[in-house]
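Student: Here you go, upload-v4.cif (mmCIF, C-alpha atoms):
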```
data_final
loop_
_atom_site.label_atom_id
_atom_site.label_comp_id
_atom_site.auth_asym_id
_atom_site.auth_seq_id
_atom_site.Cartn_x
_atom_site.Cartn_y
_atom_site.Cartn_z
CA MET A 1 27.20 5.69 -6.21
CA THR A 2 27.18 9.20 -4.85
CA VAL A 3 23.94 10.41 -3.33
CA THR A 4 22.84 13.76 -4.76
CA PRO A 5 19.83 15.83 -3.63
CA MET A 6 18.14 14.69 -6.86
CA HIS A 7 17.87 11.17 -5.39
CA PHE A 8 15.94 12.60 -2.47
CA VAL A 9 13.60 14.40 -4.87
CA ILE A 10 12.84 11.09 -6.61
CA PHE A 11 12.29 9.41 -3.20
CA ALA A 12 9.88 12.26 -2.35
CA ALA A 13 8.06 11.75 -5.67
CA VAL A 14 7.57 8.04 -4.92
CA LEU A 15 6.28 8.80 -1.40
CA PHE A 16 3.90 11.42 -2.84
CA ALA A 17 2.55 8.93 -5.39
CA ILE A 18 1.94 6.33 -2.66
CA GLY A 19 0.15 8.91 -0.52
CA ALA A 20 -1.99 10.11 -3.44
CA ALA A 21 -2.95 6.53 -4.29
CA GLY A 22 -3.94 6.00 -0.63
CA VAL A 23 -6.14 9.11 -0.64
CA LEU A 24 -7.83 8.06 -3.89
CA LEU A 25 -8.33 4.37 -3.06
CA ARG A 26 -9.14 4.19 0.65
CA ARG A 27 -12.61 4.72 2.02
CA SER A 28 -11.89 5.14 5.71
CA GLY A 29 -11.55 8.77 6.77
CA ILE A 30 -8.52 8.08 8.96
CA SER A 31 -6.62 6.45 6.09
CA ILE A 32 -7.37 9.44 3.86
CA LEU A 33 -5.93 11.79 6.49
CA LEU A 34 -2.86 9.54 6.76
CA GLY A 35 -2.41 9.77 2.98
CA ILE A 36 -2.57 13.56 3.18
CA GLU A 37 0.12 13.47 5.89
CA LEU A 38 2.33 11.30 3.68
CA MET A 39 1.93 13.71 0.74
CA LEU A 40 2.76 16.69 2.97
CA ASN A 41 5.91 14.92 4.13
CA ALA A 42 6.94 14.13 0.56
CA ALA A 43 6.50 17.80 -0.38
CA ASN A 44 8.59 18.80 2.66
CA LEU A 45 11.35 16.39 1.68
CA ALA A 46 11.41 17.76 -1.87
CA LEU A 47 11.63 21.32 -0.48
CA VAL A 48 14.60 20.44 1.75
CA ALA A 49 16.34 18.70 -1.18
CA PHE A 50 15.82 21.72 -3.46
CA GLY A 51 17.08 23.98 -0.68
CA ARG A 52 20.18 21.81 -0.42
CA MET A 53 20.75 22.21 -4.18
CA HIS A 54 20.72 25.99 -3.78
CA GLY A 55 22.65 26.09 -0.53
CA THR A 56 20.13 28.21 1.34
CA LEU A 57 18.31 27.68 4.62
CA ASP A 58 15.02 29.34 3.62
CA ALA A 59 13.52 26.04 2.44
CA GLN A 60 14.04 24.56 5.91
CA VAL A 61 12.17 27.50 7.47
CA PHE A 62 9.29 26.92 5.04
CA VAL A 63 9.23 23.23 5.97
CA PHE A 64 9.06 24.25 9.63
CA PHE A 65 5.96 26.36 8.87
CA VAL A 66 4.42 23.54 6.82
CA MET A 67 4.86 21.22 9.82
CA ALA A 68 3.02 23.70 12.07
CA VAL A 69 0.16 24.05 9.56
CA ALA A 70 0.04 20.24 9.22
CA ALA A 71 -0.36 19.93 12.99
CA ALA A 72 -3.28 22.39 12.87
CA GLU A 73 -4.79 20.53 9.92
CA VAL A 74 -4.61 17.19 11.72
CA ALA A 75 -6.25 18.58 14.86
CA VAL A 76 -9.19 19.99 12.89
CA GLY A 77 -9.43 16.95 10.59
CA LEU A 78 -9.53 14.46 13.44
CA ALA A 79 -12.08 16.61 15.30
CA LEU A 80 -14.23 16.53 12.14
CA LEU A 81 -13.87 12.74 12.00
CA VAL A 82 -14.96 12.39 15.63
CA ALA A 83 -17.98 14.64 15.00
CA ILE A 84 -18.90 12.64 11.88
CA PHE A 85 -18.52 9.36 13.76
CA ARG A 86 -20.92 10.60 16.45
CA LYS A 87 -23.54 11.40 13.84
CA LEU A 88 -23.22 8.47 11.43
CA HIS A 89 -21.52 5.79 13.60
CA SER A 90 -19.13 5.23 10.69
CA ILE A 91 -16.11 6.97 9.14
CA ASP A 92 -16.67 5.47 5.70
CA VAL A 93 -16.47 8.48 3.37
CA ASP A 94 -18.87 6.82 0.93
CA ARG A 95 -21.61 7.35 3.48
CA LEU A 96 -20.97 11.09 3.67
CA ASN A 97 -23.46 11.97 0.95
CA VAL A 98 -25.84 14.33 2.78
CA LEU A 99 -24.77 17.35 0.72
CA ARG A 100 -24.61 15.44 -2.56
CA TRP A 101 -28.25 15.52 -3.64
CA MET B 1 28.65 4.94 3.56
CA ALA B 2 26.07 7.65 2.83
CA ALA B 3 24.90 5.67 -0.19
CA ALA B 4 24.29 2.55 1.91
CA VAL B 5 22.35 4.52 4.52
CA PHE B 6 20.35 6.21 1.76
CA LEU B 7 19.42 2.87 0.15
CA VAL B 8 18.26 1.41 3.48
CA VAL B 9 16.22 4.56 4.22
CA VAL B 10 14.58 4.50 0.78
CA VAL B 11 13.70 0.79 0.85
CA VAL B 12 12.34 0.85 4.41
CA GLY B 13 10.50 4.12 3.75
CA ILE B 14 8.77 2.93 0.59
CA VAL B 15 7.82 -0.48 1.98
CA SER B 16 6.36 1.01 5.16
CA ALA B 17 4.55 3.70 3.15
CA VAL B 18 2.94 1.01 0.98
CA VAL B 19 1.90 -0.94 4.10
CA ALA B 20 0.57 2.28 5.67
CA MET B 21 -1.62 2.93 2.66
CA SER B 22 -2.74 -0.62 1.89
CA HIS B 23 -3.20 -2.59 5.13
CA ARG B 24 -6.80 -2.88 6.24
CA SER B 25 -6.29 -2.40 9.98
CA PRO B 26 -6.14 1.29 10.97
CA VAL B 27 -3.67 0.64 13.83
CA VAL B 28 -1.20 -1.02 11.45
CA ASN B 29 -1.63 1.93 9.05
CA VAL B 30 -0.71 4.48 11.72
CA LEU B 31 2.22 2.51 13.19
CA SER B 32 3.62 1.83 9.72
CA LEU B 33 3.43 5.52 8.86
CA VAL B 34 5.55 6.21 11.97
CA VAL B 35 8.33 4.14 10.34
CA THR B 36 7.97 6.11 7.09
CA LEU B 37 8.19 9.43 8.95
CA PHE B 38 11.35 8.25 10.73
CA CYS B 39 12.82 7.50 7.29
CA VAL B 40 11.91 11.03 6.15
CA ALA B 41 13.64 12.33 9.31
CA ALA B 42 16.73 10.29 8.41
CA SER B 43 16.63 11.83 4.91
CA TYR B 44 16.57 15.31 6.47
CA ALA B 45 19.63 14.37 8.52
CA LEU B 46 21.40 13.11 5.38
CA LEU B 47 20.58 16.39 3.64
CA GLY B 48 22.18 18.35 6.47
CA ALA B 49 18.96 19.58 8.11
CA GLU B 50 19.59 18.40 11.66
CA PHE B 51 17.05 20.70 13.27
CA LEU B 52 14.29 19.56 10.93
CA ALA B 53 15.15 15.91 11.55
CA ALA B 54 14.66 16.43 15.30
CA ALA B 55 11.49 18.51 14.73
CA GLN B 56 10.11 15.85 12.40
CA ILE B 57 10.46 13.14 15.05
CA LEU B 58 9.13 15.37 17.83
CA ILE B 59 6.17 16.84 15.92
CA TYR B 60 5.15 14.03 13.59
CA ALA B 61 6.01 10.81 15.37
CA GLY B 62 5.64 12.32 18.83
CA ALA B 63 2.51 14.42 18.50
CA ILE B 64 0.56 14.02 15.26
CA LEU B 65 0.60 10.24 14.99
CA VAL B 66 -0.12 9.81 18.70
CA LEU B 67 -3.21 11.95 18.07
CA PHE B 68 -4.10 9.61 15.19
CA LEU B 69 -3.67 6.57 17.45
CA PHE B 70 -5.90 8.16 20.08
CA VAL B 71 -8.67 8.73 17.54
CA VAL B 72 -8.32 5.20 16.11
CA MET B 73 -8.67 3.75 19.61
CA LEU B 74 -11.48 6.17 20.51
CA LEU B 75 -13.60 5.45 17.46
CA ASN B 76 -12.85 1.73 17.53
CA ALA B 77 -13.11 1.91 13.75
CA PRO B 78 -13.93 -1.40 12.08
CA GLU B 79 -11.66 -2.74 9.37
CA GLU B 80 -12.38 -1.33 5.99
CA GLN B 81 -14.53 -3.22 3.49
CA ARG B 82 -13.05 -4.14 0.16
CA PRO B 83 -13.55 -1.36 -2.36
CA LYS B 84 -16.25 -1.80 -4.94
CA GLU B 85 -15.27 -3.06 -8.38
CA PRO B 86 -14.54 -0.06 -10.61
CA ARG B 87 -16.66 0.39 -13.71
CA PRO B 88 -14.92 -0.22 -17.06
CA PHE B 89 -14.84 3.48 -18.01
CA GLN B 90 -13.30 4.26 -14.61
CA ARG B 91 -10.55 1.72 -15.31
CA ALA B 92 -9.87 3.25 -18.74
CA VAL B 93 -9.83 6.84 -17.47
CA GLY B 94 -7.65 5.90 -14.49
CA LEU B 95 -5.16 4.06 -16.70
CA LEU B 96 -4.97 7.01 -19.12
CA LEU B 97 -4.42 9.52 -16.30
CA ALA B 98 -1.76 7.32 -14.68
CA LEU B 99 0.08 6.99 -18.01
CA LEU B 100 -0.06 10.75 -18.58
CA ALA B 101 1.22 11.44 -15.07
CA GLY B 102 3.99 8.84 -15.40
CA VAL B 103 5.18 10.06 -18.81
CA GLY B 104 5.02 13.67 -17.63
CA GLY B 105 6.94 12.89 -14.46
CA VAL B 106 9.68 11.00 -16.33
CA ALA B 107 9.94 13.81 -18.90
CA VAL B 108 10.33 16.40 -16.15
CA LEU B 109 12.90 14.36 -14.24
CA ILE B 110 14.97 13.75 -17.40
CA GLY B 111 14.77 17.42 -18.32
CA ILE B 112 16.04 18.66 -14.97
CA GLU B 113 19.69 19.53 -15.16
CA VAL B 114 21.43 18.30 -12.04
CA VAL B 115 23.74 21.06 -10.94
CA ALA B 116 26.57 20.27 -8.60
CA PRO B 117 25.26 20.45 -5.03
CA ALA B 118 25.96 23.79 -3.43
CA ALA B 119 28.18 24.04 -0.42
CA ARG B 120 26.66 22.38 2.62
CA VAL B 121 24.88 24.87 4.84
CA SER B 122 24.35 23.79 8.40
CA GLY B 123 20.69 23.50 9.29
CA ASP B 124 21.23 23.54 13.04
CA ALA B 125 18.85 25.15 15.50
CA ARG B 126 20.92 28.33 15.81
CA ALA B 127 20.86 29.12 12.08
CA ILE B 128 17.15 28.27 11.72
CA GLY B 129 16.32 30.32 14.82
CA ARG B 130 18.14 33.37 13.43
CA LEU B 131 16.03 33.15 10.27
CA LEU B 132 12.81 32.60 12.23
CA VAL B 133 13.16 35.73 14.38
CA GLY B 134 14.79 37.68 11.56
CA PRO B 135 13.28 37.80 8.05
CA TYR B 136 10.41 35.44 8.90
CA ILE B 137 9.31 37.05 12.16
CA PHE B 138 5.85 37.95 10.84
CA ALA B 139 5.11 34.41 9.60
CA PHE B 140 6.51 33.00 12.84
CA GLU B 141 4.13 35.11 14.92
CA PHE B 142 1.22 34.45 12.60
CA ILE B 143 1.63 30.68 12.84
CA SER B 144 0.70 30.93 16.53
CA VAL B 145 -2.61 32.54 15.52
CA VAL B 146 -3.21 29.66 13.09
CA LEU B 147 -2.50 27.10 15.82
CA LEU B 148 -4.83 28.91 18.25
CA ALA B 149 -7.59 29.00 15.62
CA ALA B 150 -7.13 25.25 14.99
CA LEU B 151 -7.25 24.57 18.74
CA VAL B 152 -10.50 26.50 19.21
CA GLY B 153 -11.96 25.00 16.03
CA ALA B 154 -11.20 21.44 17.13
CA LEU B 155 -12.77 22.08 20.55
CA VAL B 156 -15.93 23.56 19.00
CA LEU B 157 -16.23 20.63 16.57
CA VAL B 158 -16.09 17.90 19.21
CA LYS B 159 -18.14 19.72 21.87
CA ARG B 160 -21.35 17.89 22.71
CA LYS B 161 -24.46 20.01 22.46
CA HIS B 162 -26.68 19.87 25.51
#
```
Show the structure stored in the file as structure tokens.

Tutor:
Amino acid sequence: MTVTPMHFVIFAAVLFAIGAAGVLLRRSGISILLGIELMLNAANLALVAFGRMHGTLDAQVFVFFVMAVAAAEVAVGLALLVAIFRKLHSIDVDRLNVLRW
Amino acid sequence: MAAAVFLVVVVVGIVSAVVAMSHRSPVVNVLSLVVTLFCVAASYALLGAEFLAAAQILIYAGAILVLFLFVVMLLNAPEEQRPKEPRPFQRAVGLLLALLAGVGGVAVLIGIEVVAPAARVSGDARAIGRLLVGPYIFAFEFISVVLLAALVGALVLVKRKH
């Protein structure tokens, strides 16, 4: 068996599906953020694999930028979670229904 | 050789990703995701992106997931309750959507023509750095503004009001 970049794309698709299922099924805010991280990583892996198919380095630069934006996203997301926890004493997203009614 | 490494990376990565998304203890979730991210880093290395493999370990495993661990410890979050039973129509709609997504995904993957992989380009730090300060200089500078905005935003969000 020879490993082609297509195998990595399929691996990325499986990781993305697992992350999406985590985001949809979990109720703890931290687990939802972890699922988002997993999906971001799967997208990055697919980008690098596609870049490898085309023999260019631009995809790797994009992935570098995505990593930086992901770091910013995590900092803000976790700060939001801490603020929510201070107010509600829980990070269960089902209890975040103040704006719903 | 590469095939064996790839198989190990895929199996370990998928198993740890499933544990990361399904275990009820938040600490186990975070630590299991570290294993998955190492597997993604190994995939980058297999694809010839050495710089990204190092950056992945430094940024994700070294910084982002440590931040997660800090917050998990700080909040002392209790283990999650079991999810509520879905209603019958939710089951039906979910099953239909999953089938559609699965059939669509398989159709796309079958339709993609696998071209012979292009010549290996070295993704070492020198080549990436030349691109970063060359064609992508504006985005590279702008990302620092984004990071500064996130830093200030996070500080404002967690600041206690007196």

Student: In terms of the shortest atom-to-atom distance over all atoms listed in the file, which of B:Leu75, B:Leu97, B:Ala92, B:Val28 is closest to chain A?

Tutor: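 Of B:Leu75, B:Leu97, B:Ala92, B:Val28, the one nearest chain A is B:Leu75, counting all atoms listed in the file.
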
Student: Given the file above and the PyMOL selection byres ((chain A and resi 28) around 9), which residues are selected, and can you give them as a VMD selection string?

Tutor: (chain A and resid 26 to 27 29 to 33 90 to 94) or (chain B and resid 26 77 79 to 80)

Student: Just give me the residues with any atom within 8 Å of (15.6, 29.8, 7.1), file coordinates, counting all atoms listed in the file, written as a PyMOL selection string.

Tutor: (chain A and resi 56-62) or (chain B and resi 127-132+136)

Student: Interatomic distance between atom CA of Ala53 of chain B and atom CA of Val48 of chain A?

Tutor: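 Those two atoms sit 10.8 Å apart.
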
Student: Dump as a list of chain:residue names the residues of chain A that approach chain B to within 6 Å, counting all atoms listed in the file.

Tutor: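 Result: A:Val3, A:Gly22, A:Met53, A:His54, A:Gly55, A:Ala72, A:Val76, A:Ala79, A:Ala83.
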
Student: Taking C-alpha atoms for each residue, export the selection above as an mmCIF file, in the coordinates of the input.

Tutor:
```cif
data_model
loop_
_atom_site.group_PDB
_atom_site.id
_atom_site.type_symbol
_atom_site.label_atom_id
_atom_site.label_comp_id
_atom_site.auth_asym_id
_atom_site.auth_seq_id
_atom_site.Cartn_x
_atom_site.Cartn_y
_atom_site.Cartn_z
ATOM 1 C CA VAL A 3 23.940 10.410 -3.330
ATOM 2 C CA GLY A 22 -3.940 6.000 -0.630
ATOM 3 C CA MET A 53 20.750 22.210 -4.180
ATOM 4 C CA HIS A 54 20.720 25.990 -3.780
ATOM 5 C CA GLY A 55 22.650 26.090 -0.530
ATOM 6 C CA ALA A 72 -3.280 22.390 12.870
ATOM 7 C CA VAL A 76 -9.190 19.990 12.890
ATOM 8 C CA ALA A 79 -12.080 16.610 15.300
ATOM 9 C CA ALA A 83 -17.980 14.640 15.000
#
```

Student: Could you check the closest approach to Ala125 of chain B for each of B:Glu50, B:Phe38, B:Glu141, B:Ser32 and tell me which residue wins, using only C-alpha atoms?

Tutor: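 Nearest to Ala125 of chain B: B:Glu50.
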
Student: What does the distance between atom CA of Phe11 of chain A and atom CA of Ala98 of chain B come to in Å, to one decimal place?

Tutor: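 The value is 18.3 Å.
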
Student: Atom CA of Gly104 of chain B and atom CA of Val23 of chain A, how far apart in Å?

Tutor: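 According to the coordinates, atom CA of Val23 of chain A and atom CA of Gly104 of chain B are separated by 20.8 Å.
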
Student: Can you list, as a VMD selection string, every protein, DNA or RNA residue that comes within 6 Å of Gly19 of chain A when you count only C-alpha atoms, leaving out same-chain residues fewer than 6 positions away?

Tutor: chain A and resid 35 38 to 39

Student: Grab the residues selected above and save them as a CSV table (one decimal), in the coordinates of the input with C-alpha atoms.

Tutor:
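Written out: again-v6.csv:
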```csv
chain,number,residue,atom,x,y,z
A,35,GLY,CA,-2.4,9.8,3.0
A,38,LEU,CA,2.3,11.3,3.7
A,39,MET,CA,1.9,13.7,0.7
```

Student: Using 3 Å of padding on each side, determine the axis-aligned box around all atoms of segment 36-41 of chain B present in the file and give its centre and edge lengths in Å to one decimal, as JSON.

Tutor:
```
{"center_x": 10.8, "center_y": 9.2, "center_z": 8.4, "size_x": 11.7, "size_y": 12.2, "size_z": 10.6}
```

Student: For a quick check of understanding, using all atoms listed in the file, which of A:Val14, A:Val9, A:Met67, A:Leu24 has the smallest distance to Gly94 of chain B?

Tutor: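 With all atoms listed in the file as the atom set, the closest residue is A:Leu24.
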
Student: Take segment 71-82 of chain A, bring it up to all heavy atoms, and give me the output as a PDB file, in the coordinates of the input.

Tutor:
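Saved file part.pdb follows:
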```
ATOM      1  N   ALA A  71       0.138  20.273  11.653  1.00  0.00           N
ATOM      2  CA  ALA A  71      -0.360  19.930  12.990  1.00  0.00           C
ATOM      3  C   ALA A  71      -1.752  20.513  13.183  1.00  0.00           C
ATOM      4  O   ALA A  71      -2.661  19.831  13.685  1.00  0.00           O
ATOM      5  CB  ALA A  71       0.604  20.447  14.050  1.00  0.00           C
ATOM      6  N   ALA A  72      -1.953  21.770  12.749  1.00  0.00           N
ATOM      7  CA  ALA A  72      -3.280  22.390  12.870  1.00  0.00           C
ATOM      8  C   ALA A  72      -4.296  21.627  12.035  1.00  0.00           C
ATOM      9  O   ALA A  72      -5.420  21.351  12.492  1.00  0.00           O
ATOM     10  CB  ALA A  72      -3.204  23.850  12.435  1.00  0.00           C
ATOM     11  N   GLU A  73      -3.889  21.247  10.818  1.00  0.00           N
ATOM     12  CA  GLU A  73      -4.790  20.530   9.920  1.00  0.00           C
ATOM     13  C   GLU A  73      -5.217  19.192  10.520  1.00  0.00           C
ATOM     14  O   GLU A  73      -6.385  18.808  10.452  1.00  0.00           O
ATOM     15  CB  GLU A  73      -4.086  20.323   8.582  1.00  0.00           C
ATOM     16  CG  GLU A  73      -4.769  19.408   7.608  1.00  0.00           C
ATOM     17  CD  GLU A  73      -4.038  18.099   7.460  1.00  0.00           C
ATOM     18  OE1 GLU A  73      -2.803  18.108   7.429  1.00  0.00           O
ATOM     19  OE2 GLU A  73      -4.714  17.069   7.387  1.00  0.00           O
ATOM     20  N   VAL A  74      -4.265  18.492  11.138  1.00  0.00           N
ATOM     21  CA  VAL A  74      -4.610  17.190  11.720  1.00  0.00           C
ATOM     22  C   VAL A  74      -5.573  17.353  12.873  1.00  0.00           C
ATOM     23  O   VAL A  74      -6.533  16.586  13.014  1.00  0.00           O
ATOM     24  CB  VAL A  74      -3.328  16.473  12.169  1.00  0.00           C
ATOM     25  CG1 VAL A  74      -3.650  15.360  13.129  1.00  0.00           C
ATOM     26  CG2 VAL A  74      -2.609  15.923  10.974  1.00  0.00           C
ATOM     27  N   ALA A  75      -5.357  18.384  13.721  1.00  0.00           N
ATOM     28  CA  ALA A  75      -6.250  18.580  14.860  1.00  0.00           C
ATOM     29  C   ALA A  75      -7.677  18.810  14.380  1.00  0.00           C
ATOM     30  O   ALA A  75      -8.623  18.167  14.868  1.00  0.00           O
ATOM     31  CB  ALA A  75      -5.756  19.755  15.707  1.00  0.00           C
ATOM     32  N   VAL A  76      -7.835  19.695  13.378  1.00  0.00           N
ATOM     33  CA  VAL A  76      -9.190  19.990  12.890  1.00  0.00           C
ATOM     34  C   VAL A  76      -9.754  18.773  12.156  1.00  0.00           C
ATOM     35  O   VAL A  76     -10.923  18.413  12.340  1.00  0.00           O
ATOM     36  CB  VAL A  76      -9.147  21.225  11.974  1.00  0.00           C
ATOM     37  CG1 VAL A  76     -10.506  21.462  11.365  1.00  0.00           C
ATOM     38  CG2 VAL A  76      -8.730  22.439  12.771  1.00  0.00           C
ATOM     39  N   GLY A  77      -8.943  18.111  11.334  1.00  0.00           N
ATOM     40  CA  GLY A  77      -9.430  16.950  10.590  1.00  0.00           C
ATOM     41  C   GLY A  77      -9.898  15.831  11.495  1.00  0.00           C
ATOM     42  O   GLY A  77     -10.958  15.239  11.273  1.00  0.00           O
ATOM     43  N   LEU A  78      -9.127  15.541  12.539  1.00  0.00           N
ATOM     44  CA  LEU A  78      -9.530  14.460  13.440  1.00  0.00           C
ATOM     45  C   LEU A  78     -10.765  14.860  14.242  1.00  0.00           C
ATOM     46  O   LEU A  78     -11.630  14.017  14.515  1.00  0.00           O
ATOM     47  CB  LEU A  78      -8.372  14.092  14.364  1.00  0.00           C
ATOM     48  CG  LEU A  78      -7.252  13.329  13.649  1.00  0.00           C
ATOM     49  CD1 LEU A  78      -6.112  13.057  14.592  1.00  0.00           C
ATOM     50  CD2 LEU A  78      -7.758  12.014  13.094  1.00  0.00           C
ATOM     51  N   ALA A  79     -10.876  16.166  14.608  1.00  0.00           N
ATOM     52  CA  ALA A  79     -12.080  16.610  15.300  1.00  0.00           C
ATOM     53  C   ALA A  79     -13.305  16.430  14.400  1.00  0.00           C
ATOM     54  O   ALA A  79     -14.368  15.981  14.855  1.00  0.00           O
ATOM     55  CB  ALA A  79     -11.943  18.069  15.713  1.00  0.00           C
ATOM     56  N   LEU A  80     -13.144  16.756  13.099  1.00  0.00           N
ATOM     57  CA  LEU A  80     -14.230  16.530  12.140  1.00  0.00           C
ATOM     58  C   LEU A  80     -14.616  15.062  12.086  1.00  0.00           C
ATOM     59  O   LEU A  80     -15.801  14.710  12.097  1.00  0.00           O
ATOM     60  CB  LEU A  80     -13.810  16.992  10.749  1.00  0.00           C
ATOM     61  CG  LEU A  80     -13.968  18.466  10.413  1.00  0.00           C
ATOM     62  CD1 LEU A  80     -13.352  18.741   9.066  1.00  0.00           C
ATOM     63  CD2 LEU A  80     -15.429  18.826  10.397  1.00  0.00           C
ATOM     64  N   LEU A  81     -13.588  14.175  12.058  1.00  0.00           N
ATOM     65  CA  LEU A  81     -13.870  12.740  12.000  1.00  0.00           C
ATOM     66  C   LEU A  81     -14.657  12.288  13.221  1.00  0.00           C
ATOM     67  O   LEU A  81     -15.606  11.509  13.108  1.00  0.00           O
ATOM     68  CB  LEU A  81     -12.569  11.948  11.907  1.00  0.00           C
ATOM     69  CG  LEU A  81     -12.001  11.712  10.521  1.00  0.00           C
ATOM     70  CD1 LEU A  81     -10.803  10.802  10.621  1.00  0.00           C
ATOM     71  CD2 LEU A  81     -13.046  11.088   9.636  1.00  0.00           C
ATOM     72  N   VAL A  82     -14.256  12.788  14.411  1.00  0.00           N
ATOM     73  CA  VAL A  82     -14.960  12.390  15.630  1.00  0.00           C
ATOM     74  C   VAL A  82     -16.404  12.869  15.568  1.00  0.00           C
ATOM     75  O   VAL A  82     -17.349  12.125  15.908  1.00  0.00           O
ATOM     76  CB  VAL A  82     -14.230  12.949  16.869  1.00  0.00           C
ATOM     77  CG1 VAL A  82     -15.062  12.736  18.111  1.00  0.00           C
ATOM     78  CG2 VAL A  82     -12.886  12.284  17.023  1.00  0.00           C
TER      79      VAL A  82
END
```
